[in-house]
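Have a look at upload-v8.cif below; it lists mmCIF, C-alpha atoms.
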```
data_structure
#
loop_
_atom_site.label_atom_id
_atom_site.label_comp_id
_atom_site.auth_asym_id
_atom_site.auth_seq_id
_atom_site.Cartn_x
_atom_site.Cartn_y
_atom_site.Cartn_z
CA MET A 1 201.00 129.27 76.71
CA LYS A 2 198.93 126.83 78.69
CA ARG A 3 197.32 129.72 80.49
CA LEU A 4 196.46 131.37 77.22
CA ILE A 5 194.81 128.23 75.92
CA LEU A 6 192.89 127.90 79.14
CA ALA A 7 191.81 131.51 78.93
CA LEU A 8 190.79 131.06 75.32
CA ALA A 9 188.94 127.90 76.14
CA LEU A 10 187.15 129.65 78.94
CA ALA A 11 186.41 132.67 76.79
CA ILE A 12 184.94 130.52 74.04
CA GLY A 13 183.45 127.82 76.19
CA LEU A 14 181.72 129.80 78.90
CA PRO A 15 179.35 131.84 76.77
CA LEU A 16 178.45 128.64 74.93
CA ALA A 17 177.77 126.87 78.17
CA ALA A 18 175.68 129.78 79.39
CA HIS A 19 173.74 129.78 76.15
CA ALA A 20 173.21 126.08 76.28
CA ALA A 21 171.62 126.47 79.69
CA ALA A 22 168.82 128.75 78.46
CA PHE A 23 165.70 126.73 77.90
CA ASN A 24 163.91 128.36 75.02
CA GLN A 25 162.55 125.79 72.60
CA VAL A 26 159.12 124.74 73.74
CA GLN A 27 158.07 121.19 73.00
CA THR A 28 154.32 121.46 72.60
CA ASP A 29 153.85 117.70 72.49
CA LYS A 30 155.33 117.43 75.97
CA SER A 31 153.40 120.38 77.31
CA ALA A 32 149.84 120.61 78.57
CA ILE A 33 147.36 123.15 79.81
CA ALA A 34 144.47 121.75 81.82
CA PHE A 35 141.81 123.08 84.16
CA THR A 36 139.61 121.87 86.99
CA TYR A 37 136.50 123.38 88.52
CA GLN A 38 133.51 122.51 90.64
CA GLN A 39 130.05 121.95 89.21
CA MET A 40 127.44 121.57 91.96
CA GLY A 41 130.09 120.08 94.20
CA VAL A 42 131.39 117.77 91.48
CA LYS A 43 135.03 118.12 90.51
CA MET A 44 135.28 118.46 86.74
CA ASP A 45 138.29 118.73 84.50
CA GLY A 46 139.26 119.59 80.97
CA LYS A 47 142.13 120.77 78.84
CA PHE A 48 143.15 122.85 75.86
CA ARG A 49 144.45 120.90 72.89
CA LYS A 50 146.16 123.78 71.11
CA PHE A 51 148.41 126.50 72.41
CA ALA A 52 151.64 128.21 71.44
CA ALA A 53 154.32 129.05 73.98
CA LYS A 54 157.51 131.01 73.79
CA LEU A 55 159.86 131.15 76.70
CA SER A 56 163.40 131.74 77.65
CA PHE A 57 164.71 130.66 81.01
CA ASP A 58 168.26 130.47 82.22
CA PRO A 59 168.44 128.97 85.72
CA ALA A 60 171.57 131.06 86.32
CA LYS A 61 169.70 134.27 85.53
CA PRO A 62 166.08 133.56 86.38
CA THR A 63 165.10 137.23 86.63
CA ASP A 64 165.85 137.63 82.91
CA ALA A 65 163.38 134.93 82.02
CA SER A 66 160.34 135.62 79.92
CA ALA A 67 157.32 133.65 78.79
CA ALA A 68 154.42 134.22 76.43
CA ILE A 69 151.62 131.72 76.01
CA ASP A 70 148.72 131.88 73.56
CA VAL A 71 145.92 129.42 74.17
CA ASP A 72 143.54 128.58 71.33
CA LEU A 73 140.26 128.73 73.25
CA ALA A 74 138.29 126.89 70.56
CA SER A 75 140.50 123.85 71.24
CA VAL A 76 138.88 123.41 74.65
CA ASP A 77 138.12 119.83 75.66
CA THR A 78 135.50 119.63 78.40
CA GLY A 79 135.00 115.89 77.96
CA ALA A 80 131.68 116.31 76.13
CA ALA A 81 131.00 117.70 72.63
CA GLU A 82 128.00 119.57 73.99
CA GLY A 83 130.20 121.24 76.61
CA ASP A 84 132.92 122.17 74.10
CA GLN A 85 130.33 123.86 71.89
CA GLU A 86 128.75 125.70 74.78
CA VAL A 87 132.03 126.99 76.17
CA ALA A 88 133.18 128.27 72.76
CA GLY A 89 129.94 130.24 72.48
CA LYS A 90 129.16 133.84 73.26
CA PRO A 91 128.34 133.59 76.98
CA TRP A 92 131.64 131.82 77.73
CA PHE A 93 134.81 132.41 75.66
CA ASN A 94 133.09 133.92 72.62
CA THR A 95 135.89 132.44 70.50
CA LYS A 96 134.68 134.17 67.32
CA ALA A 97 135.48 137.58 68.80
CA PHE A 98 138.23 136.46 71.21
CA PRO A 99 139.94 133.36 69.82
CA THR A 100 142.93 133.29 72.17
CA ALA A 101 143.76 133.70 75.80
CA GLN A 102 147.16 135.25 76.30
CA PHE A 103 149.65 135.29 79.11
CA VAL A 104 152.75 137.51 78.89
CA SER A 105 155.21 137.51 81.73
CA THR A 106 156.47 140.75 83.20
CA GLY A 107 158.89 139.36 85.77
CA VAL A 108 160.21 136.28 87.50
CA LYS A 109 161.03 136.14 91.19
CA PRO A 110 163.09 133.21 92.54
CA LEU A 111 161.62 131.85 95.76
CA GLY A 112 164.47 129.51 96.57
CA GLY A 113 165.03 125.94 95.49
CA ASN A 114 163.33 125.33 92.18
CA ARG A 115 160.34 127.54 92.93
CA TYR A 116 159.56 130.81 91.19
CA ASP A 117 156.80 133.37 91.12
CA VAL A 118 156.05 134.43 87.58
CA THR A 119 154.16 137.70 87.34
CA GLY A 120 152.43 138.67 84.16
CA LYS A 121 149.36 139.82 82.35
CA LEU A 122 146.56 137.44 81.54
CA THR A 123 144.15 138.52 78.81
CA ILE A 124 140.92 136.65 78.18
CA LYS A 125 137.87 137.95 76.35
CA GLY A 126 139.30 141.45 76.09
CA LYS A 127 139.96 141.74 79.81
CA THR A 128 143.49 141.92 81.20
CA GLN A 129 144.55 141.15 84.75
CA ASP A 130 147.88 141.09 86.52
CA ILE A 131 148.44 137.66 87.95
CA VAL A 132 151.12 135.81 89.86
CA VAL A 133 151.74 132.23 88.82
CA PRO A 134 153.77 130.00 91.14
CA ALA A 135 155.87 127.60 89.09
CA THR A 136 158.59 125.05 89.60
CA PHE A 137 161.39 124.26 87.22
CA THR A 138 162.95 120.84 86.87
CA ALA A 139 165.82 120.17 84.51
CA GLN A 140 165.95 116.70 83.01
CA GLY A 141 169.10 116.55 80.97
CA ASN A 142 168.73 118.83 77.99
CA SER A 143 165.10 119.62 78.67
CA GLY A 144 163.48 121.65 81.40
CA VAL A 145 159.98 121.23 82.72
CA PHE A 146 157.92 124.07 84.16
CA ASP A 147 154.97 123.04 86.30
CA GLY A 148 152.48 125.31 87.92
CA THR A 149 148.94 125.83 89.09
CA PHE A 150 147.00 128.99 89.66
CA THR A 151 143.40 129.94 90.22
CA LEU A 152 141.50 132.41 88.12
CA ARG A 153 138.01 133.65 88.83
CA ARG A 154 135.93 133.26 85.69
CA GLY A 155 133.78 136.19 86.78
CA ASP A 156 136.78 138.52 86.42
CA PHE A 157 136.89 137.74 82.70
CA SER A 158 133.14 137.44 82.05
CA ILE A 159 133.58 133.74 81.27
CA GLY A 160 130.03 132.46 81.60
CA GLU A 161 127.57 135.32 81.21
CA GLY A 162 123.81 135.53 81.40
CA ALA A 163 122.26 132.43 82.91
CA TRP A 164 125.75 131.14 83.78
CA ALA A 165 126.83 134.30 85.60
CA LYS A 166 125.82 132.96 89.00
CA PHE A 167 128.27 130.59 90.59
CA ASP A 168 125.75 128.15 92.08
CA ILE A 169 126.12 125.63 89.23
CA VAL A 170 129.59 126.32 87.83
CA ALA A 171 131.91 127.70 90.51
CA ASN A 172 133.80 130.96 90.07
CA ASP A 173 137.24 129.52 90.84
CA ILE A 174 138.91 127.74 87.95
CA GLN A 175 142.24 126.04 88.64
CA ILE A 176 144.63 126.20 85.72
CA LYS A 177 147.34 123.60 85.70
CA PHE A 178 150.14 123.72 83.18
CA ARG A 179 153.29 121.90 82.22
CA ILE A 180 155.60 123.45 79.68
CA THR A 181 158.61 121.49 78.48
CA ALA A 182 161.44 123.32 76.74
CA ILE A 183 164.80 122.17 75.52
CA ALA A 184 167.91 124.25 75.81
CA GLY A 185 168.54 125.89 72.46
CA LYS A 186 171.55 127.66 71.01
CA MET B 187 101.64 82.87 106.20
CA THR B 188 100.10 86.23 106.71
CA ALA B 189 97.83 87.49 103.93
CA ARG B 190 98.94 91.08 104.45
CA TYR B 191 101.90 93.17 103.45
CA THR B 192 103.80 94.76 106.34
CA SER B 193 103.44 98.52 106.55
CA THR B 194 107.20 98.74 105.84
CA ALA B 195 106.69 96.89 102.56
CA LYS B 196 103.78 99.16 101.64
CA THR B 197 105.68 102.31 102.54
CA LEU B 198 108.70 101.21 100.46
CA HIS B 199 106.43 100.28 97.54
CA TRP B 200 104.66 103.64 97.38
CA LEU B 201 107.71 105.72 98.22
CA MET B 202 109.55 104.11 95.35
CA ALA B 203 106.54 104.40 93.05
CA VAL B 204 106.47 108.18 93.55
CA LEU B 205 110.27 108.49 93.30
CA LEU B 206 110.53 106.32 90.17
CA PHE B 207 107.70 108.08 88.35
CA GLY B 208 109.34 111.41 89.14
CA MET B 209 112.73 110.17 87.94
CA LEU B 210 111.33 108.67 84.74
CA ALA B 211 109.53 111.92 83.90
CA LEU B 212 112.61 113.99 84.73
CA GLY B 213 114.91 111.67 82.79
CA PHE B 214 112.81 111.75 79.61
CA TYR B 215 112.34 115.52 79.95
CA MET B 216 115.91 116.57 80.68
CA HIS B 217 117.90 114.47 78.26
CA ASP B 218 117.29 116.55 75.16
CA LEU B 219 117.25 119.97 76.77
CA PRO B 220 119.87 122.37 75.42
CA LEU B 221 122.82 122.79 77.77
CA SER B 222 121.96 125.35 80.44
CA PRO B 223 122.50 125.81 84.17
CA GLN B 224 119.01 124.39 84.65
CA LYS B 225 119.91 121.24 82.72
CA LEU B 226 123.00 120.66 84.84
CA GLN B 227 120.89 121.20 87.96
CA LEU B 228 118.22 118.74 86.78
CA TYR B 229 120.90 116.15 85.96
CA SER B 230 122.36 116.51 89.44
CA TRP B 231 118.93 116.13 91.04
CA HIS B 232 118.20 113.09 88.89
CA LYS B 233 121.48 111.51 89.95
CA TRP B 234 120.88 112.27 93.63
CA ALA B 235 117.41 110.73 93.34
CA GLY B 236 118.95 107.75 91.54
CA VAL B 237 121.39 107.05 94.37
CA THR B 238 118.49 107.37 96.82
CA ALA B 239 116.35 104.95 94.79
CA PHE B 240 119.24 102.48 94.60
CA LEU B 241 119.63 102.51 98.39
CA LEU B 242 115.86 102.18 98.83
CA VAL B 243 115.68 99.17 96.52
CA LEU B 244 118.50 97.49 98.45
CA ALA B 245 116.57 98.09 101.68
CA ARG B 246 113.45 96.79 99.99
CA LEU B 247 115.18 93.65 98.76
CA GLY B 248 116.52 93.09 102.27
CA TRP B 249 112.99 93.41 103.65
CA ARG B 250 111.55 91.20 100.95
CA VAL B 251 113.91 88.29 101.59
CA THR B 252 113.31 88.43 105.35
CA HIS B 253 109.51 88.95 105.17
CA ILE B 254 107.60 86.58 102.95
CA PRO B 255 104.92 88.50 101.04
CA PRO B 256 101.30 87.29 101.02
CA ALA B 257 100.61 84.50 98.55
CA LEU B 258 98.79 84.99 95.28
CA PRO B 259 95.11 83.90 95.29
CA ALA B 260 94.69 80.16 94.76
CA SER B 261 92.11 80.96 92.10
CA MET B 262 94.86 82.31 89.85
CA PRO B 263 95.88 79.90 87.08
CA ARG B 264 99.38 78.47 87.43
CA LEU B 265 100.60 80.22 84.30
CA MET B 266 99.31 83.58 85.55
CA GLN B 267 101.06 83.04 88.89
CA LEU B 268 104.27 82.35 87.01
CA ALA B 269 103.81 85.49 84.95
CA ALA B 270 103.22 87.54 88.11
CA HIS B 271 106.42 86.24 89.70
CA ALA B 272 108.38 86.84 86.47
CA GLY B 273 107.02 90.40 86.30
CA HIS B 274 108.02 91.18 89.89
CA PHE B 275 111.42 89.61 89.32
CA ALA B 276 111.89 91.83 86.23
CA LEU B 277 110.91 94.92 88.24
CA TYR B 278 113.53 94.16 90.88
CA VAL B 279 116.21 93.39 88.30
CA LEU B 280 115.50 96.67 86.52
CA MET B 281 115.35 98.67 89.76
CA ILE B 282 118.92 97.44 90.40
CA ALA B 283 120.23 97.56 86.82
CA ILE B 284 118.94 101.04 85.94
CA PRO B 285 120.68 103.01 88.72
CA LEU B 286 123.80 100.89 88.16
CA SER B 287 123.81 101.76 84.45
CA GLY B 288 123.35 105.44 85.35
CA TRP B 289 126.21 105.28 87.83
CA LEU B 290 128.48 103.57 85.27
CA MET B 291 127.45 106.10 82.61
CA SER B 292 128.24 109.04 84.91
CA SER B 293 131.67 107.58 85.64
CA ALA B 294 132.47 106.93 81.98
CA LYS B 295 131.31 110.40 81.00
CA GLY B 296 133.57 111.94 83.62
CA PHE B 297 130.73 113.45 85.67
CA GLN B 298 131.20 112.01 89.11
CA THR B 299 128.06 111.71 91.22
CA VAL B 300 128.22 113.66 94.47
CA TRP B 301 125.15 112.72 96.50
CA PHE B 302 123.24 115.90 97.39
CA GLY B 303 126.38 117.80 96.44
CA VAL B 304 128.09 116.50 99.57
CA LEU B 305 128.97 112.82 99.44
CA PRO B 306 131.13 111.76 96.48
CA ILE B 307 130.19 108.36 95.10
CA PRO B 308 133.29 106.58 93.79
CA ASP B 309 133.62 106.34 90.02
CA LEU B 310 133.39 102.73 88.86
CA LEU B 311 134.95 103.39 85.45
CA ASP B 312 137.58 105.66 83.98
CA LYS B 313 136.54 108.45 81.66
CA ASN B 314 135.82 106.93 78.25
CA LYS B 315 133.66 108.75 75.72
CA GLU B 316 132.62 105.76 73.59
CA LEU B 317 131.75 103.68 76.65
CA GLY B 318 129.85 106.66 78.09
CA ASP B 319 127.74 106.99 74.95
CA LEU B 320 127.10 103.25 74.91
CA LEU B 321 126.03 103.28 78.57
CA ALA B 322 123.68 106.19 77.84
CA LEU B 323 121.97 103.94 75.29
CA VAL B 324 121.88 101.08 77.79
CA HIS B 325 120.37 103.37 80.46
CA MET B 326 117.76 104.57 77.96
CA GLY B 327 116.94 101.04 76.73
CA LEU B 328 116.56 99.66 80.25
CA ASN B 329 114.24 102.54 81.11
CA LEU B 330 112.04 101.93 78.08
CA LEU B 331 111.83 98.30 79.15
CA PHE B 332 111.07 99.46 82.71
CA VAL B 333 108.20 101.64 81.47
CA ALA B 334 106.77 98.61 79.63
CA VAL B 335 107.06 96.35 82.70
CA ILE B 336 105.52 99.04 84.96
CA ALA B 337 102.65 99.39 82.51
CA GLY B 338 102.15 95.61 82.76
CA HIS B 339 102.34 95.83 86.58
CA ILE B 340 99.69 98.57 86.77
CA GLY B 341 97.54 96.87 84.14
CA ALA B 342 97.66 93.59 86.04
CA ALA B 343 96.78 95.28 89.33
CA LEU B 344 93.78 96.99 87.71
CA LYS B 345 92.69 93.73 86.08
CA HIS B 346 92.79 91.98 89.47
CA HIS B 347 90.73 94.75 91.02
CA PHE B 348 88.11 95.38 88.37
CA ILE B 349 87.84 92.09 86.50
CA ASP B 350 88.94 89.33 88.88
CA LYS B 351 87.63 91.36 91.84
CA ASP B 352 90.26 89.97 94.22
CA ASP B 353 92.32 91.82 96.86
CA ILE B 354 95.61 91.97 94.93
CA LEU B 355 95.42 95.75 94.51
CA THR B 356 93.75 96.69 97.78
CA ARG B 357 96.17 94.67 99.92
CA MET B 358 98.96 97.03 98.89
CA LEU B 359 96.92 100.03 100.06
CA PRO B 360 97.31 101.50 103.55
CA LYS B 361 94.91 100.35 106.30
CA HIS B 362 94.15 97.11 104.60
#
```

Translate the structure described by the file into structure tokens.
Amino acid sequence: MKRLILALALAIGLPLAAHAAAFNQVQTDKSAIAFTYQQMGVKMDGKFRKFAAKLSFDPAKPTDASAAIDVDLASVDTGAAEGDQEVAGKPWFNTKAFPTAQFVSTGVKPLGGNRYDVTGKLTIKGKTQDIVVPATFTAQGNSGVFDGTFTLRRGDFSIGEGAWAKFDIVANDIQIKFRITAIAGK
Amino acid sequence: MTARYTSTAKTLHWLMAVLLFGMLALGFYMHDLPLSPQKLQLYSWHKWAGVTAFLLVLARLGWRVTHIPPALPASMPRLMQLAAHAGHFALYVLMIAIPLSGWLMSSAKGFQTVWFGVLPIPDLLDKNKELGDLLALVHMGLNLLFVAVIAGHIGAALKHHFIDKDDILTRMLPKH
């Protein structure tokens, strides 16, 4: 009888526990997407105020994880109103025609410890590229925090055309830094 | 005391005159340009020149306090002598305050100054939009005042030369 109860408890409890460990409810207020770049040797930074993220990550089964992030490009904050306006315009993001930047994961590779390589497709301004994003995962009680940084070349996505196309003023490499916080849902 | 300026003093005076006129013209020209790569480039050049001018004025102040400049002509009325000293004092104060206000503005606006694109100048303030906008006004106001004081400086020099017919202007020229 005791064994049966134990078996039942395990049968009921384990799937629940496994479910509870999947982090899938993104907390946007505790998440951030920022960027840094060089402008004539000066390190500049900015961020995006609005984005939507969906993810599901179970530390026990990391290869099953998935993530999809939509960034509202018009919510860019360069630190100056003039800059925000310019970057939303046609030569840069052209937010009227391409309002969002999208990342959709295609696979997750554990690298040991809390480090992972997330592969996926990044689409900006109608151009899609396969990218690899190194990320770390840190569980803090019921919530999990994903941190990562990767570099994209703005030239690959035609971000900054015409007079901006040369990289002598605004560098080609843009570092994207993100933090996504998700709580374990049911 | 000697009645002549040292050649170092003259060189610093004219070097800064050229640099400051260039920076004033550039500053008034660039500030309402639409955002473009050229604008960003001009801003960087203006800031590099500003750091250079700031260092030059420090060197100049150092020279000034260790080398007493020639006295004003005894024929000048006491009040005019006072005005001349006040004018020069104002020029020095502004030559210090203007680059400082530009440096503070750059910091507050989140655009660090990297001298000639190589040497980062530490930010004195954290990024703060309201403070940045306020400092832009301060920088502008100080420069308008500077233009007025420079106009007085040039006007006074010309008056000395053409009306008083003394050596105030010529003694700042080379080979004098």

query: Which residues fall under the PyMOL selection byres ((chain A) within 9 of (chain B)) in this file, as a list in words?
result: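 That selection, the PyMOL selection byres ((chain A) within 9 of (chain B)), comes back as Gln39, Met40, Gly41, Val42, Lys43, Met44, Asp45, Gly79, Ala80, Glu82, Gly83, Glu86, Ala163, Trp164, Asp168, Ile169 and Val170 of chain A.
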
Now that the selection is made, can you save its residues with C-alpha atoms as a short mmCIF file (atom, residue, chain, number, x, y, z; two decimals), in the frame of the given file?
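As written to disk, result-v8.cif reads:
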```
data_model
loop_
_atom_site.label_atom_id
_atom_site.label_comp_id
_atom_site.auth_asym_id
_atom_site.auth_seq_id
_atom_site.Cartn_x
_atom_site.Cartn_y
_atom_site.Cartn_z
CA GLN A 39 130.05 121.95 89.21
CA MET A 40 127.44 121.57 91.96
CA GLY A 41 130.09 120.08 94.20
CA VAL A 42 131.39 117.77 91.48
CA LYS A 43 135.03 118.12 90.51
CA MET A 44 135.28 118.46 86.74
CA ASP A 45 138.29 118.73 84.50
CA GLY A 79 135.00 115.89 77.96
CA ALA A 80 131.68 116.31 76.13
CA GLU A 82 128.00 119.57 73.99
CA GLY A 83 130.20 121.24 76.61
CA GLU A 86 128.75 125.70 74.78
CA ALA A 163 122.26 132.43 82.91
CA TRP A 164 125.75 131.14 83.78
CA ASP A 168 125.75 128.15 92.08
CA ILE A 169 126.12 125.63 89.23
CA VAL A 170 129.59 126.32 87.83
#
```

field: Between CA of Phe207 in chain B and CA of Asp353 in chain B, distance in Å (one decimal)
entry: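 CA of Asp353 in chain B lies 23.9 Å from CA of Phe207 in chain B.
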
- request: Could you tell me how far CA of Ile349 in chain B lies from CA of Arg246 in chain B, in Å and to one decimal?
  value: 29.3 Å

- request: Work out how far CA of Ala81 in chain A is from CA of Ala235 in chain B, in Å to one decimal.
  value: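 CA of Ala235 in chain B sits 25.7 Å away from CA of Ala81 in chain A.
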
message: From (156.4, 133.5, 90.3), in the file's coordinates, out to 8 Å: which residues are reached, counting all atoms listed in the file? Answer as a ChimeraX atom specification.
response: /A:107-111,115-119,132-135

query: Counting all atoms listed in the file, what is within 10 Å of His339 in chain B, bar same-chain residues fewer than 3 positions away, as number ranges by chain?
result: B: 270, 273-274, 277, 333-336, 342-345
